[in-house]
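A.B. asks: Quick one: structure below, then a few questions.
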Amino acid sequence: MNIQQISSVPFSDQKPGTSGLRKKVKVFQTAHYLENFLQAIFNVATDLKGGILILGGDGRYYNTEAIQTILKMAVAHGISHIKVGQNGLLSTPAVSHLIRKYSAAGGIILSASHNPGGPEGDFGIKFNSANGGPAETKFTDHVYAESQHITTYQLAEIDNVSLQTQGQFQLGDTLVEIIDPVSDYADLMEQIFDFAKIKALFKSGLLSICFDAMHAVTGPYANEIFQRRLNAAVGSVINSIPQEDFGGGHPDPNLIYAKELVERLNQGKDAPNLGAASDGDGDRYMLIGRNFFVNPSDCLAIMTANAHLLSGYQLGLSGVARSLPTSRAVDKVAETLGIECYETPTGWKYFGNLLDDRRITLCGEESFGGGSDHIREKDGIWAVLFWLNLVTIKHQSVEEITRAHWARFGRHYYSRHDYEGLDSSVAEQLMDGLRKRIETLKGETFAGHTVSDCDDFSYTDPVDHSVTEHQGIRILFQDESRIVFRLSGTGTEGATLRVYLERYEADSALHDLDTQVALADMISIARELAELKTRCDREQPDIIT
Ligand code: G1P
Ligand code: ZN
């Protein structure tokens, strides 16, 4: 087989962000762009040679083209065995599981997560390491450095491989295997959760679900798990056929984009008991009850408080972790349980070391992410199954479980305000402005709230002692309120400022306030501190979550 050496020149913008390299489809379609980045990965991930590679994506536009290119380059680089999801599909959690199950050297996931797809939309590449988790910063930094020196890349001269049917092909020294994307993952879920119990409740008619796959990758997974293995009623999974443009929608599981789901859950007593949606690549989830939204930070806290009730977690939790901007609801639970609660920078990669070192069992992010030690990624369907199992054991609704939790631990009112499409230099100046104020903020009082602490969050990994700096400005108040400012690392245009607002309320008589009303003081303090009006001429955020 002929291996072509193709000349190229470096692209200056191939630095991976919070979650791999994410760009407009058009950018990835630029001649040599994808190949250069892949060559940089192959240069760094030398263990792939002679090893197993897991490959798949969320089905968005450009997924299958990219897979064909990756196959040609992987064959050229002597990968011995490549497992590719049928039709090019694999959810992010499934890739993580497959890497671990088959002791693969790594995995390549093609996705831009919850960003829109289609020719005008976004595309992305993530590399996951042998532990199943997103590559660490030192790996992605190395890939970026390599990308700046690419002069050639290698491509095997082979035909496109048919991805439609399961089977195996020997291409030179490489075995390419087209696998069922769902079965291994579904088997894992069956080991963790009490499928017999959940199935019985579905059968009795006492339990019902609506799962919105948003025309993204989780459709086939949800059909198999909820409808086939758990016997949920036919029609329980909606928008279940993956489409290249996600049916024109935005595969972001929130109250705005999962509109059909929200309507179904608001149909009074005829509504399903539990509603859920997942994102493009299946790692995020939103959970709702009838007319009731549970914020992801509360989800993590509720899971932590109740995990011991589930057979899969009956031995208890070694510890928990949350990302910096995630509310501190889980901290209260960890304190009561007497377990460690770690605060990490944004992005799933920081949880990997804690999980590998068995310091934590559960972890989560405010951005609709939750997961456990079963894999090294966040996992949308796992989270929904966790809740189904919990509802089955407690015989309580989603709302009842959440309210009981607040009554016991207090409620953390929480919201994220996003200011999108800011000029990047203006956004950097705004963050610099905040950084400059850090020194003097402590002790100052705003609208009756006194600042108890303030810093630019820096994280020292307790396992490998690596230090990650400048992860967000964190302002803590004496009354346990908190504001965090940071810039998004996943955007593809301009800069996005994220402002995370939080207020703790112990009194259950005050657990029914509107979230934005409850946070009104923090909202105005944040605007004043960041000088949003003068610096960006913005009065209101673009998105409130
Ligand atoms: C966002 C979320 C973060 C998540 C990441 C990847 O990153 O905030 O929690 O891990 O997407 O899904 P950001 O755009 O804020 O850098
Ligand atoms: Zn995602």
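By order of appearance in the structure tokens: chains A, B, ..., then residues from 1 within every chain, and ligands from 1 in the order shown.
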What does the list of residues within 7 Å of ligand 2 look like if you count only C-alpha atoms and all ligand atoms, written as number ranges by chain?
C.D. replies: A: 113-114, 279-284
A.B. asks: Can you tell me, as a ChimeraX atom specification, which residues in range 353-393 of chain A count as strand (DSSP E or B) by DSSP?
C.D. replies: /A:362-365,369-372
A.B. asks: Mind dumping a table of every chain A residue within 7 Å of ligand 1, with the nearest atom pair and its distance in Å to one decimal, using only C-alpha atoms and all ligand atoms, sorted by chain and rising number, as JSON lines?
C.D. replies:
{"residue": "A:Thr18", "atom": "CA", "partner": "ligand 1", "partner_atom_place_in_ligand_line": "16 (O)", "distance": 5.0}
{"residue": "A:Ser19", "atom": "CA", "partner": "ligand 1", "partner_atom_place_in_ligand_line": "6 (C)", "distance": 5.2}
{"residue": "A:Ser113", "atom": "CA", "partner": "ligand 1", "partner_atom_place_in_ligand_line": "12 (O)", "distance": 6.3}
{"residue": "A:Thr346", "atom": "CA", "partner": "ligand 1", "partner_atom_place_in_ligand_line": "9 (O)", "distance": 5.2}
{"residue": "A:Gly347", "atom": "CA", "partner": "ligand 1", "partner_atom_place_in_ligand_line": "10 (O)", "distance": 3.5}
{"residue": "A:Trp348", "atom": "CA", "partner": "ligand 1", "partner_atom_place_in_ligand_line": "10 (O)", "distance": 5.3}
{"residue": "A:Glu365", "atom": "CA", "partner": "ligand 1", "partner_atom_place_in_ligand_line": "9 (O)", "distance": 5.5}
{"residue": "A:Glu366", "atom": "CA", "partner": "ligand 1", "partner_atom_place_in_ligand_line": "9 (O)", "distance": 6.4}
{"residue": "A:Ser367", "atom": "CA", "partner": "ligand 1", "partner_atom_place_in_ligand_line": "9 (O)", "distance": 4.8}
{"residue": "A:Leu487", "atom": "CA", "partner": "ligand 1", "partner_atom_place_in_ligand_line": "16 (O)", "distance": 6.8}
{"residue": "A:Ser488", "atom": "CA", "partner": "ligand 1", "partner_atom_place_in_ligand_line": "16 (O)", "distance": 3.7}
{"residue": "A:Gly489", "atom": "CA", "partner": "ligand 1", "partner_atom_place_in_ligand_line": "16 (O)", "distance": 3.4}
{"residue": "A:Thr490", "atom": "CA", "partner": "ligand 1", "partner_atom_place_in_ligand_line": "14 (O)", "distance": 4.0}
{"residue": "A:Gly491", "atom": "CA", "partner": "ligand 1", "partner_atom_place_in_ligand_line": "14 (O)", "distance": 5.9}
A.B. asks: Quick one: of A:Phe42, A:Leu497, A:Glu502, A:Ser524, who's nearest to Ser425 in chain A, counting only C-alpha atoms?
C.D. replies: A:Leu497
A.B. asks: Which residues are close to Gly448 in chain A, i.e. within 12 Å by only C-alpha atoms, leaving aside same-chain residues fewer than 2 positions away? Reply as a list in words.
C.D. replies: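 Contacts, in chain order: Gly443, Glu444, Thr445, Phe446, Thr450, Val451, Phe477, Gln478, Asp479, Ser481, Asp521, Met522 and Ile525 of chain A.
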A.B. asks: Give the answer as one residue: which of A:Asp212, A:Asp122, A:Glu340, A:Asp252 has the shortest atom-to-atom distance to Ser240 in chain A, using only C-alpha atoms?
C.D. replies: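 So, comparing all the options, the nearest one is A:Asp212.
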A.B. asks: What does the distance between CA of Glu420 in chain A and CA of Arg527 in chain A come to in Å, to one decimal place?
C.D. replies: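 A separation of 14.9 Å between them.
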A.B. asks: Using only C-alpha atoms, which of A:Arg60, A:Arg229, A:Arg403, A:His412 sits nearest Ile198 in chain A?
C.D. replies: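 Smallest separation from Ile198 in chain A among the options: A:Arg229.
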A.B. asks: In Å, how far is it from CA of Ala145 in chain A to CA of Gly121 in chain A?
C.D. replies: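 We find that CA of Ala145 in chain A and CA of Gly121 in chain A lie 26.7 Å from each other.
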A.B. asks: Tell me, which residues of range 267-336 of chain A carry DSSP helix (DSSP H, G or I), written as a PyMOL selection string?
C.D. replies: chain A and resi 268-270+296-309+311-313+329-336
A.B. asks: Rank A:Gly338, A:Gly249, A:Gly289, A:Gly57 by their smallest atom-to-atom distance to Gly268 in chain A, using only C-alpha atoms, and report the top residue only.
C.D. replies: A:Gly289
A.B. asks: So which one's closest to Glu157 in chain A, A:Ala186, A:Val84, A:Leu71, A:Ile393? Using only C-alpha atoms, please.
C.D. replies: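 When distances to Glu157 in chain A are compared using only C-alpha atoms, the smallest one comes from A:Leu71.
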A.B. asks: I'd like to know which of A:Leu207, A:Ala76, A:Leu310, A:Ala506 is closest to Leu274 in chain A, using only C-alpha atoms.
C.D. replies: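 Among the listed residues, the smallest separation from Leu274 in chain A belongs to A:Leu207.
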A.B. asks: Need to verify the contact set: range 371-373 of chain A, 9 Å, only C-alpha atoms, exclusion of same-chain residues closer than 2 positions in sequence. Can you return it as a compact mmCIF listing (two decimals) with N, CA, C and O atoms, in the first residue's frame?
C.D. replies:
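And here is the file that came out, result-v3.txt:
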# COMPACT_ATOMS: atom_id res chain seq x y z
N ASP A 283 -23.07 13.81 25.97
CA ASP A 283 -22.47 13.88 27.30
C ASP A 283 -23.24 14.80 28.24
O ASP A 283 -23.17 14.66 29.45
N LEU A 300 -26.36 17.36 40.78
CA LEU A 300 -25.15 16.73 41.33
C LEU A 300 -25.29 16.56 42.84
O LEU A 300 -24.94 15.51 43.39
N GLY A 352 -10.51 13.63 35.54
CA GLY A 352 -9.89 12.34 35.22
C GLY A 352 -8.92 11.85 36.27
O GLY A 352 -9.01 10.71 36.74
N LEU A 355 -10.64 10.79 39.46
CA LEU A 355 -11.33 9.50 39.30
C LEU A 355 -10.32 8.36 39.27
O LEU A 355 -10.49 7.35 39.95
N ASP A 356 -9.26 8.54 38.47
CA ASP A 356 -8.24 7.48 38.36
C ASP A 356 -7.60 7.17 39.72
O ASP A 356 -7.27 6.04 40.02
N ARG A 358 -9.07 7.38 42.45
CA ARG A 358 -10.18 6.96 43.34
C ARG A 358 -10.46 7.97 44.46
O ARG A 358 -10.88 7.61 45.55
N ILE A 360 -12.57 10.46 43.95
CA ILE A 360 -13.99 10.83 43.79
C ILE A 360 -14.74 9.71 43.08
O ILE A 360 -14.16 8.92 42.34
N THR A 361 -16.06 9.70 43.31
CA THR A 361 -16.92 8.75 42.60
C THR A 361 -17.85 9.50 41.65
O THR A 361 -18.15 9.03 40.57
N LEU A 362 -18.34 10.68 42.08
CA LEU A 362 -19.25 11.46 41.24
C LEU A 362 -18.63 12.83 40.95
O LEU A 362 -17.87 13.36 41.75
N CYS A 363 -19.01 13.40 39.81
CA CYS A 363 -18.55 14.75 39.50
C CYS A 363 -19.56 15.41 38.56
O CYS A 363 -20.36 14.72 37.92
N GLY A 364 -19.50 16.74 38.50
CA GLY A 364 -20.46 17.41 37.63
C GLY A 364 -20.12 18.86 37.38
O GLY A 364 -19.27 19.45 38.06
N GLY A 369 -23.72 18.85 32.89
CA GLY A 369 -22.85 17.68 32.84
C GLY A 369 -22.80 16.96 34.17
O GLY A 369 -22.71 17.58 35.22
N ILE A 375 -16.95 5.81 33.69
CA ILE A 375 -16.16 6.19 32.51
C ILE A 375 -15.37 7.44 32.88
O ILE A 375 -15.34 7.84 34.04
N ARG A 376 -14.78 8.10 31.90
CA ARG A 376 -14.01 9.31 32.19
C ARG A 376 -14.54 10.50 31.39
O ARG A 376 -13.80 11.38 30.98
N GLU A 377 -15.84 10.51 31.14
CA GLU A 377 -16.51 11.63 30.47
C GLU A 377 -17.81 11.87 31.22
O GLU A 377 -18.30 11.01 31.96
N LYS A 378 -18.41 13.04 30.99
CA LYS A 378 -19.76 13.22 31.50
C LYS A 378 -20.68 12.37 30.65
O LYS A 378 -20.34 12.02 29.52
N ASP A 379 -21.84 12.06 31.20
CA ASP A 379 -22.65 11.04 30.55
C ASP A 379 -24.14 11.33 30.73
O ASP A 379 -24.70 11.13 31.81
N GLY A 380 -24.76 11.79 29.65
CA GLY A 380 -26.17 12.19 29.69
C GLY A 380 -27.12 11.04 30.01
O GLY A 380 -27.95 11.15 30.91
N TRP A 382 -26.51 8.12 31.31
CA TRP A 382 -26.23 7.61 32.65
C TRP A 382 -26.99 8.45 33.70
O TRP A 382 -27.59 7.92 34.63
N ALA A 383 -26.93 9.78 33.53
CA ALA A 383 -27.57 10.67 34.51
C ALA A 383 -29.09 10.46 34.52
O ALA A 383 -29.72 10.45 35.58
A.B. asks: So which residues touch Tyr221 in chain A within 9 Å, counting only C-alpha atoms, skipping near sequence neighbours fewer than 5 positions away, as a PyMOL selection string?
C.D. replies: chain A and resi 91+181-183+185-186+226+381
A.B. asks: Deliver the residues from the most recent selection as a file, using N, CA and C atoms, as a PDB file, in the first residue's frame.
C.D. replies:
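selection-v8.pdb was written with the following content:
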ATOM      1  N   SER A  91     -21.311   8.083  20.717  1.00  0.00           N
ATOM      2  CA  SER A  91     -21.455   9.205  21.653  1.00  0.00           C
ATOM      3  C   SER A  91     -20.127   9.370  22.398  1.00  0.00           C
ATOM      4  N   PRO A 181     -22.644   0.851  17.649  1.00  0.00           N
ATOM      5  CA  PRO A 181     -22.229   1.926  18.566  1.00  0.00           C
ATOM      6  C   PRO A 181     -22.861   1.811  19.952  1.00  0.00           C
ATOM      7  N   VAL A 182     -23.956   1.041  20.048  1.00  0.00           N
ATOM      8  CA  VAL A 182     -24.781   1.099  21.264  1.00  0.00           C
ATOM      9  C   VAL A 182     -24.541  -0.037  22.259  1.00  0.00           C
ATOM     10  N   SER A 183     -24.354  -1.279  21.773  1.00  0.00           N
ATOM     11  CA  SER A 183     -24.499  -2.435  22.667  1.00  0.00           C
ATOM     12  C   SER A 183     -23.540  -2.444  23.868  1.00  0.00           C
ATOM     13  N   TYR A 185     -22.142  -0.002  25.389  1.00  0.00           N
ATOM     14  CA  TYR A 185     -22.532   1.048  26.330  1.00  0.00           C
ATOM     15  C   TYR A 185     -23.808   0.651  27.090  1.00  0.00           C
ATOM     16  N   ALA A 186     -24.770   0.109  26.356  1.00  0.00           N
ATOM     17  CA  ALA A 186     -26.032  -0.293  26.997  1.00  0.00           C
ATOM     18  C   ALA A 186     -25.774  -1.392  28.032  1.00  0.00           C
ATOM     19  N   PHE A 226     -34.038   2.818  26.735  1.00  0.00           N
ATOM     20  CA  PHE A 226     -35.318   3.141  27.380  1.00  0.00           C
ATOM     21  C   PHE A 226     -36.458   2.306  26.802  1.00  0.00           C
ATOM     22  N   ILE A 381     -27.010   9.945  29.302  1.00  0.00           N
ATOM     23  CA  ILE A 381     -27.961   8.843  29.513  1.00  0.00           C
ATOM     24  C   ILE A 381     -27.752   8.204  30.877  1.00  0.00           C
TER      25      ILE A 381
END
A.B. asks: Neighbours of Val294 in chain A within 9 Å (only C-alpha atoms; same-chain residues fewer than 5 positions away dropped), as a ChimeraX atom specification?
C.D. replies: /A:286-289,299,398-399,402
A.B. asks: Can you write just those residues out, all heavy atoms, as a PDB file, in the first residue's frame?
C.D. replies:
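That gives us again_37.pdb:
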ATOM      1  N   MET A 286     -30.317  17.392  30.392  1.00  0.00           N
ATOM      2  CA  MET A 286     -31.183  18.249  31.204  1.00  0.00           C
ATOM      3  C   MET A 286     -32.258  17.344  31.784  1.00  0.00           C
ATOM      4  O   MET A 286     -32.769  16.465  31.087  1.00  0.00           O
ATOM      5  CB  MET A 286     -31.846  19.324  30.346  1.00  0.00           C
ATOM      6  CG  MET A 286     -32.868  20.133  31.150  1.00  0.00           C
ATOM      7  SD  MET A 286     -33.639  21.437  30.187  1.00  0.00           S
ATOM      8  CE  MET A 286     -34.698  20.506  29.105  1.00  0.00           C
ATOM      9  N   LEU A 287     -32.592  17.566  33.028  1.00  0.00           N
ATOM     10  CA  LEU A 287     -33.620  16.767  33.659  1.00  0.00           C
ATOM     11  C   LEU A 287     -34.762  17.657  34.133  1.00  0.00           C
ATOM     12  O   LEU A 287     -34.517  18.669  34.784  1.00  0.00           O
ATOM     13  CB  LEU A 287     -33.037  16.024  34.851  1.00  0.00           C
ATOM     14  CG  LEU A 287     -34.070  15.062  35.381  1.00  0.00           C
ATOM     15  CD1 LEU A 287     -33.760  13.666  34.936  1.00  0.00           C
ATOM     16  CD2 LEU A 287     -34.220  15.190  36.861  1.00  0.00           C
ATOM     17  N   ILE A 288     -35.993  17.270  33.808  1.00  0.00           N
ATOM     18  CA  ILE A 288     -37.136  18.040  34.306  1.00  0.00           C
ATOM     19  C   ILE A 288     -38.231  17.104  34.806  1.00  0.00           C
ATOM     20  O   ILE A 288     -38.331  15.956  34.372  1.00  0.00           O
ATOM     21  CB  ILE A 288     -37.724  18.997  33.229  1.00  0.00           C
ATOM     22  CG1 ILE A 288     -38.048  18.270  31.920  1.00  0.00           C
ATOM     23  CG2 ILE A 288     -36.777  20.131  32.925  1.00  0.00           C
ATOM     24  CD1 ILE A 288     -38.630  19.182  30.840  1.00  0.00           C
ATOM     25  N   GLY A 289     -39.024  17.621  35.742  1.00  0.00           N
ATOM     26  CA  GLY A 289     -40.220  16.906  36.177  1.00  0.00           C
ATOM     27  C   GLY A 289     -41.407  17.601  35.537  1.00  0.00           C
ATOM     28  O   GLY A 289     -41.245  18.447  34.652  1.00  0.00           O
ATOM     29  N   CYS A 299     -28.727  18.856  40.615  1.00  0.00           N
ATOM     30  CA  CYS A 299     -28.717  17.440  40.228  1.00  0.00           C
ATOM     31  C   CYS A 299     -27.526  16.731  40.863  1.00  0.00           C
ATOM     32  O   CYS A 299     -27.668  15.646  41.443  1.00  0.00           O
ATOM     33  CB  CYS A 299     -28.609  17.281  38.705  1.00  0.00           C
ATOM     34  SG  CYS A 299     -30.181  17.348  37.853  1.00  0.00           S
ATOM     35  N   VAL A 398     -39.871  13.920  40.661  1.00  0.00           N
ATOM     36  CA  VAL A 398     -38.643  14.710  40.538  1.00  0.00           C
ATOM     37  C   VAL A 398     -38.751  15.957  41.436  1.00  0.00           C
ATOM     38  O   VAL A 398     -37.812  16.310  42.166  1.00  0.00           O
ATOM     39  CB  VAL A 398     -38.431  15.112  39.058  1.00  0.00           C
ATOM     40  CG1 VAL A 398     -37.328  16.140  38.923  1.00  0.00           C
ATOM     41  CG2 VAL A 398     -38.149  13.878  38.198  1.00  0.00           C
ATOM     42  N   GLU A 399     -39.910  16.584  41.405  1.00  0.00           N
ATOM     43  CA  GLU A 399     -40.102  17.798  42.211  1.00  0.00           C
ATOM     44  C   GLU A 399     -40.035  17.483  43.710  1.00  0.00           C
ATOM     45  O   GLU A 399     -39.376  18.197  44.476  1.00  0.00           O
ATOM     46  CB  GLU A 399     -41.448  18.448  41.858  1.00  0.00           C
ATOM     47  CG  GLU A 399     -41.719  19.675  42.705  1.00  0.00           C
ATOM     48  CD  GLU A 399     -42.895  20.517  42.224  1.00  0.00           C
ATOM     49  OE1 GLU A 399     -43.457  20.212  41.148  1.00  0.00           O
ATOM     50  OE2 GLU A 399     -43.245  21.473  42.936  1.00  0.00           O
ATOM     51  N   THR A 402     -36.483  16.905  44.798  1.00  0.00           N
ATOM     52  CA  THR A 402     -35.696  18.140  44.834  1.00  0.00           C
ATOM     53  C   THR A 402     -36.084  19.015  46.036  1.00  0.00           C
ATOM     54  O   THR A 402     -35.216  19.542  46.745  1.00  0.00           O
ATOM     55  CB  THR A 402     -35.881  18.919  43.523  1.00  0.00           C
ATOM     56  OG1 THR A 402     -35.622  18.024  42.443  1.00  0.00           O
ATOM     57  CG2 THR A 402     -34.951  20.110  43.428  1.00  0.00           C
TER      58      THR A 402
END
